[in-house]
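Everything below belongs to query.csv, which stores CSV, C-alpha atoms.
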chain,number,residue,atom,x,y,z
A,1,MET,CA,1.2,21.8,-39.6
A,2,ASN,CA,-2.0,23.6,-40.4
A,3,GLN,CA,-4.7,24.7,-37.9
A,4,ASP,CA,-6.9,21.7,-38.4
A,5,GLU,CA,-3.9,19.3,-37.7
A,6,GLN,CA,-3.0,21.4,-34.6
A,7,GLY,CA,-6.7,21.3,-33.5
A,8,ASP,CA,-6.7,17.5,-33.9
A,9,PHE,CA,-3.5,17.2,-32.0
A,10,PHE,CA,-4.8,19.3,-29.1
A,11,ASN,CA,-8.1,17.4,-29.1
A,12,THR,CA,-6.1,14.2,-28.9
A,13,LEU,CA,-4.1,15.6,-26.1
A,14,ASN,CA,-7.2,16.7,-24.3
A,15,ASP,CA,-8.7,13.2,-24.7
A,16,LYS,CA,-5.5,11.8,-23.2
A,17,VAL,CA,-5.7,14.3,-20.3
A,18,ASP,CA,-9.4,13.3,-19.8
A,19,ALA,CA,-8.4,9.6,-19.8
A,20,HIS,CA,-5.8,10.4,-17.2
A,21,GLY,CA,-8.5,12.2,-15.2
A,22,ALA,CA,-10.8,9.1,-15.5
A,23,LEU,CA,-7.9,6.9,-14.2
A,24,VAL,CA,-7.4,9.3,-11.3
A,25,ASP,CA,-11.2,9.3,-10.5
A,26,ARG,CA,-11.2,5.5,-10.7
A,27,PHE,CA,-8.2,5.4,-8.3
A,28,HIS,CA,-10.0,7.7,-5.9
A,29,ALA,CA,-13.1,5.5,-6.1
A,30,GLU,CA,-10.9,2.4,-5.3
A,31,LEU,CA,-9.3,4.2,-2.5
A,32,GLN,CA,-12.8,5.2,-1.1
A,33,ASN,CA,-13.9,1.5,-1.4
A,34,PHE,CA,-10.7,0.5,0.4
A,35,SER,CA,-11.5,3.0,3.2
A,36,LYS,CA,-15.0,1.4,3.5
A,37,GLN,CA,-13.4,-2.0,3.7
A,38,ILE,CA,-11.1,-0.8,6.5
A,39,ALA,CA,-14.0,0.7,8.3
A,40,GLY,CA,-15.8,-2.7,8.1
A,41,CYS,CA,-12.6,-4.4,9.4
A,42,ASP,CA,-12.5,-1.9,12.3
A,43,LYS,CA,-16.1,-2.8,13.1
A,44,LEU,CA,-15.2,-6.5,13.1
A,45,VAL,CA,-12.3,-5.9,15.4
A,46,ARG,CA,-14.5,-3.9,17.8
A,47,MET,CA,-17.0,-6.7,17.8
A,48,ALA,CA,-14.1,-9.1,18.5
A,49,HIS,CA,-13.1,-6.9,21.4
A,50,ILE,CA,-16.7,-6.9,22.7
A,51,SER,CA,-16.7,-10.7,22.5
A,52,LEU,CA,-13.4,-10.8,24.4
A,53,ASN,CA,-14.8,-8.6,27.1
A,54,GLN,CA,-17.8,-10.9,27.4
A,55,ILE,CA,-15.5,-13.8,27.6
A,56,ASP,CA,-13.5,-12.1,30.4
A,57,ALA,CA,-16.8,-11.4,32.2
A,58,ARG,CA,-17.8,-15.1,31.8
A,59,ILE,CA,-14.4,-16.2,33.0
A,60,ALA,CA,-14.8,-13.9,36.1
A,61,GLU,CA,-18.2,-15.4,36.6
A,62,ALA,CA,-16.8,-18.9,36.3
A,63,VAL,CA,-14.1,-18.1,38.8
A,64,ARG,CA,-16.7,-16.7,41.2
A,65,ILE,CA,-18.8,-19.9,40.8
A,66,GLU,CA,-15.7,-22.0,41.4
A,67,ALA,CA,-15.0,-20.1,44.6
A,68,GLY,CA,-18.6,-20.6,45.7
A,69,ALA,CA,-18.3,-24.3,44.9
A,70,ALA,CA,-15.1,-24.5,47.0
A,71,ALA,CA,-17.0,-23.1,49.9
A,72,GLU,CA,-19.9,-25.6,49.3
A,73,ARG,CA,-17.3,-28.3,49.0
A,74,GLU,CA,-16.0,-27.6,52.4
A,75,ALA,CA,-19.5,-27.4,53.8
A,76,ALA,CA,-21.3,-30.2,51.8
A,77,GLY,CA,-18.5,-32.6,51.2
A,78,ARG,CA,-16.6,-34.2,48.5
A,79,GLU,CA,-19.5,-35.0,46.0
A,80,ALA,CA,-20.6,-31.3,45.8
A,81,ALA,CA,-17.0,-30.2,45.2
A,82,ARG,CA,-16.7,-32.7,42.3
A,83,ALA,CA,-19.9,-31.5,40.6
A,84,ALA,CA,-18.9,-27.8,40.9
A,85,THR,CA,-15.5,-28.5,39.5
A,86,GLU,CA,-16.9,-30.3,36.5
A,87,ALA,CA,-19.3,-27.4,35.9
A,88,ALA,CA,-16.4,-24.9,36.1
A,89,GLU,CA,-14.3,-27.0,33.7
A,90,ALA,CA,-17.1,-27.1,31.2
A,91,ALA,CA,-17.7,-23.4,31.4
A,92,VAL,CA,-14.0,-22.7,31.0
A,93,ALA,CA,-13.8,-25.1,28.0
A,94,GLY,CA,-16.7,-23.3,26.4
A,95,LEU,CA,-15.1,-19.9,27.0
A,96,VAL,CA,-11.8,-21.1,25.6
A,97,GLY,CA,-13.6,-22.3,22.5
A,98,GLN,CA,-15.3,-18.9,22.1
A,99,LEU,CA,-11.9,-17.2,22.6
A,100,GLN,CA,-10.3,-19.4,19.9
A,101,ALA,CA,-13.2,-18.6,17.5
A,102,ALA,CA,-12.8,-14.8,18.2
A,103,THR,CA,-9.1,-15.1,17.7
A,104,ARG,CA,-9.6,-16.8,14.3
A,105,GLU,CA,-12.0,-14.1,13.3
A,106,ALA,CA,-9.5,-11.4,14.3
A,107,GLU,CA,-6.8,-13.2,12.2
A,108,LEU,CA,-9.1,-13.3,9.2
A,109,VAL,CA,-9.8,-9.5,9.6
A,110,CYS,CA,-6.1,-8.8,9.8
A,111,GLN,CA,-5.4,-10.9,6.7
A,112,ALA,CA,-8.2,-9.0,4.8
A,113,VAL,CA,-6.7,-5.6,5.9
A,114,HIS,CA,-3.2,-6.8,4.6
A,115,ARG,CA,-4.7,-7.9,1.3
A,116,SER,CA,-6.5,-4.6,0.9
A,117,ARG,CA,-3.3,-2.7,1.6
A,118,GLY,CA,-1.4,-4.8,-1.0
A,119,GLN,CA,-4.1,-4.2,-3.6
A,120,THR,CA,-4.1,-0.5,-2.9
A,121,GLY,CA,-0.3,-0.5,-3.3
A,122,LEU,CA,-0.6,-2.3,-6.6
A,123,TRP,CA,-3.1,0.2,-7.9
A,124,ILE,CA,-0.9,3.0,-6.9
A,125,VAL,CA,2.1,1.4,-8.7
A,126,ALA,CA,0.0,0.7,-11.8
A,127,TYR,CA,-1.3,4.3,-11.8
A,128,VAL,CA,2.2,5.7,-11.5
A,129,VAL,CA,3.5,3.4,-14.3
A,130,VAL,CA,0.6,4.2,-16.6
A,131,THR,CA,1.1,7.9,-15.9
A,132,LEU,CA,4.8,7.8,-16.7
A,133,LEU,CA,4.2,5.7,-19.8
A,134,MET,CA,1.5,8.2,-21.0
A,135,CYS,CA,4.0,11.1,-20.3
A,136,LEU,CA,6.7,9.3,-22.3
A,137,LEU,CA,4.2,8.5,-25.1
A,138,THR,CA,3.1,12.2,-25.2
A,139,ALA,CA,6.7,13.4,-25.3
A,140,TYR,CA,7.5,10.8,-28.1
A,141,THR,CA,4.4,11.8,-30.1
A,142,THR,CA,5.2,15.5,-29.7
A,143,HIS,CA,8.8,14.9,-30.8
A,144,LYS,CA,7.6,12.9,-33.8
A,145,LEU,CA,5.0,15.4,-34.8
A,146,HIS,CA,7.3,18.4,-34.3
A,147,PRO,CA,10.9,17.1,-34.7
A,148,ASP,CA,12.3,20.4,-35.7
A,149,THR,CA,10.8,22.3,-32.8
A,150,PRO,CA,13.8,23.8,-30.8
A,151,LEU,CA,14.2,22.6,-27.2
A,152,PRO,CA,13.6,25.1,-24.4
A,153,PRO,CA,16.9,26.7,-23.3
A,154,GLU,CA,17.0,25.0,-19.9
A,155,VAL,CA,16.5,21.6,-21.5
A,156,ALA,CA,19.1,22.3,-24.1
A,157,ASP,CA,21.5,23.4,-21.3
A,158,TYR,CA,20.9,20.1,-19.4
A,159,ALA,CA,21.4,18.1,-22.6
A,160,GLU,CA,24.7,20.0,-23.3
A,161,LEU,CA,25.8,19.4,-19.7
A,162,GLY,CA,25.0,15.7,-20.1
A,163,ARG,CA,27.1,15.5,-23.3
A,164,LYS,CA,30.0,17.2,-21.5
A,165,HIS,CA,29.7,14.7,-18.7
A,166,ALA,CA,29.6,11.8,-21.1
A,167,ALA,CA,32.7,13.1,-22.9
A,168,LEU,CA,34.6,13.5,-19.6
A,169,LEU,CA,33.6,9.9,-18.6
A,170,GLN,CA,34.8,8.5,-21.9
A,171,LYS,CA,38.2,10.3,-21.4
A,172,ALA,CA,38.5,9.2,-17.8
A,173,SER,CA,41.2,6.6,-16.9
A,174,ASP,CA,40.4,3.4,-15.1
A,175,LYS,CA,41.6,4.8,-11.8
A,176,GLU,CA,39.3,7.9,-12.2
A,177,ARG,CA,36.4,5.6,-13.1
A,178,LYS,CA,37.0,3.5,-10.0
A,179,LEU,CA,37.1,6.7,-7.8
A,180,ILE,CA,33.8,7.9,-9.4
A,181,ALA,CA,32.2,4.5,-8.6
A,182,GLU,CA,33.4,4.6,-5.0
A,183,ILE,CA,32.0,8.2,-4.6
A,184,GLN,CA,28.6,7.1,-6.1
A,185,ALA,CA,28.6,4.0,-3.8
A,186,ARG,CA,29.2,6.2,-0.7
A,187,ARG,CA,26.3,8.5,-1.8
A,188,ALA,CA,24.0,5.6,-2.3
A,189,ARG,CA,24.6,4.2,1.2
A,190,PRO,CA,21.8,5.0,3.8
A,191,LYS,CA,22.9,7.3,6.6
Target format structure tokens, applied to this file:
Amino acid sequence: MNQDEQGDFFNTLNDKVDAHGALVDRFHAELQNFSKQIAGCDKLVRMAHISLNQIDARIAEAVRIEAGAAAEREAAGREAARAATEAAEAAVAGLVGQLQAATREAELVCQAVHRSRGQTGLWIVAYVVVTLLMCLLTAYTTHKLHPDTPLPPEVADYAELGRKHAALLQKASDKERKLIAEIQARRARPK
């Protein structure tokens, strides 16, 4: 391989590294966008809490009104008590409606947060898969371009160790293979 071919190879390699960098930048931008979405969701949750506090205050006010109505009922009679009770029931029904609406909003916010988490997880998985594929493609391309390039000593040692292990496994009896499988199963179990 002459210098021009090597230069083209390294330029291609640099382009791939730049493409990886662009993917990383895009991932960071998506992550920043996700953070903004979460901040928006937090704001909605705070607003829901404020609404719930207002509802609590209105319920307390309704209870106070009902207590006053009870005192009037004793003083003014049956008709005044009936009117105050109806007013309290209407106020409580309105507050319950507001509480249900706030609960629905909070549920929608939670669903949006869960969707955002799922999307971020998918982006991370996609990024990892693409990165691994690019690494494999780079290794394959390097191997095809330089098939006679010797392996580094530590990689050659690992390859030789792998061949030895494969040879030992081929020679192993069924009993030994069963014992190996049991050991691997014990190692795989969570502690």
Pick from A:Met134, A:Ala71, A:Ala62, A:Ala156, whichever lies nearest to A:Leu95 using all atoms listed in the file:
A:Ala62
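As for atom CA of A:Val113 and atom CA of A:Asp42, they are spaced 9.4 Å apart.
Candidate residues A:Glu176, A:Leu31, A:Leu44, A:Ala185 were compared for distance to A:Val109, and the nearest is A:Leu44, using all atoms listed in the file.
With atom CA of A:Gly40 on one side and atom CA of A:Ala106 on the other, the separation reads 12.4 Å.
Shortest atom-to-atom contact with A:Gln98 among A:Arg186, A:Arg177, A:Arg115, A:Arg58: A:Arg58, counting only C-alpha atoms.
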Could you tell me how far atom CA of A:Trp123 lies from atom CA of A:Glu105, in Å and to one decimal?
27.1 Å
If you count all atoms listed in the file, which residues fall within 12 Å of A:Ile50, apart from same-chain ones fewer than 6 positions away, as number ranges by chain?
A: 43-44, 56-57, 99, 102, 106
List as a CSV table (one decimal) with C-alpha atoms, keeping the file's coordinate frame: which residues have an atom within 12 Å of (-11.4, 0.3, -5.7), counting all atoms listed in the file?
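This went into point20.csv:
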chain,number,residue,atom,x,y,z
A,23,LEU,CA,-7.9,6.9,-14.2
A,24,VAL,CA,-7.4,9.3,-11.3
A,25,ASP,CA,-11.2,9.3,-10.5
A,26,ARG,CA,-11.2,5.5,-10.7
A,27,PHE,CA,-8.2,5.4,-8.3
A,28,HIS,CA,-10.0,7.7,-5.9
A,29,ALA,CA,-13.1,5.5,-6.1
A,30,GLU,CA,-10.9,2.4,-5.3
A,31,LEU,CA,-9.3,4.2,-2.5
A,32,GLN,CA,-12.8,5.2,-1.1
A,33,ASN,CA,-13.9,1.5,-1.4
A,34,PHE,CA,-10.7,0.5,0.4
A,35,SER,CA,-11.5,3.0,3.2
A,36,LYS,CA,-15.0,1.4,3.5
A,37,GLN,CA,-13.4,-2.0,3.7
A,116,SER,CA,-6.5,-4.6,0.9
A,117,ARG,CA,-3.3,-2.7,1.6
A,119,GLN,CA,-4.1,-4.2,-3.6
A,120,THR,CA,-4.1,-0.5,-2.9
A,121,GLY,CA,-0.3,-0.5,-3.3
A,122,LEU,CA,-0.6,-2.3,-6.6
A,123,TRP,CA,-3.1,0.2,-7.9
A,124,ILE,CA,-0.9,3.0,-6.9
Compare A:Glu74, A:Gln111, A:Asn2, A:Ala67 by their minimum atom-to-atom distance to A:Ala88, counting all atoms listed in the file, and give me the closest one.
A:Ala67
Looking at A:Thr142, A:Thr103, A:Gln6, A:Asn14, which one is nearest to A:Leu52, with distances taken over all atoms listed in the file?
A:Thr103
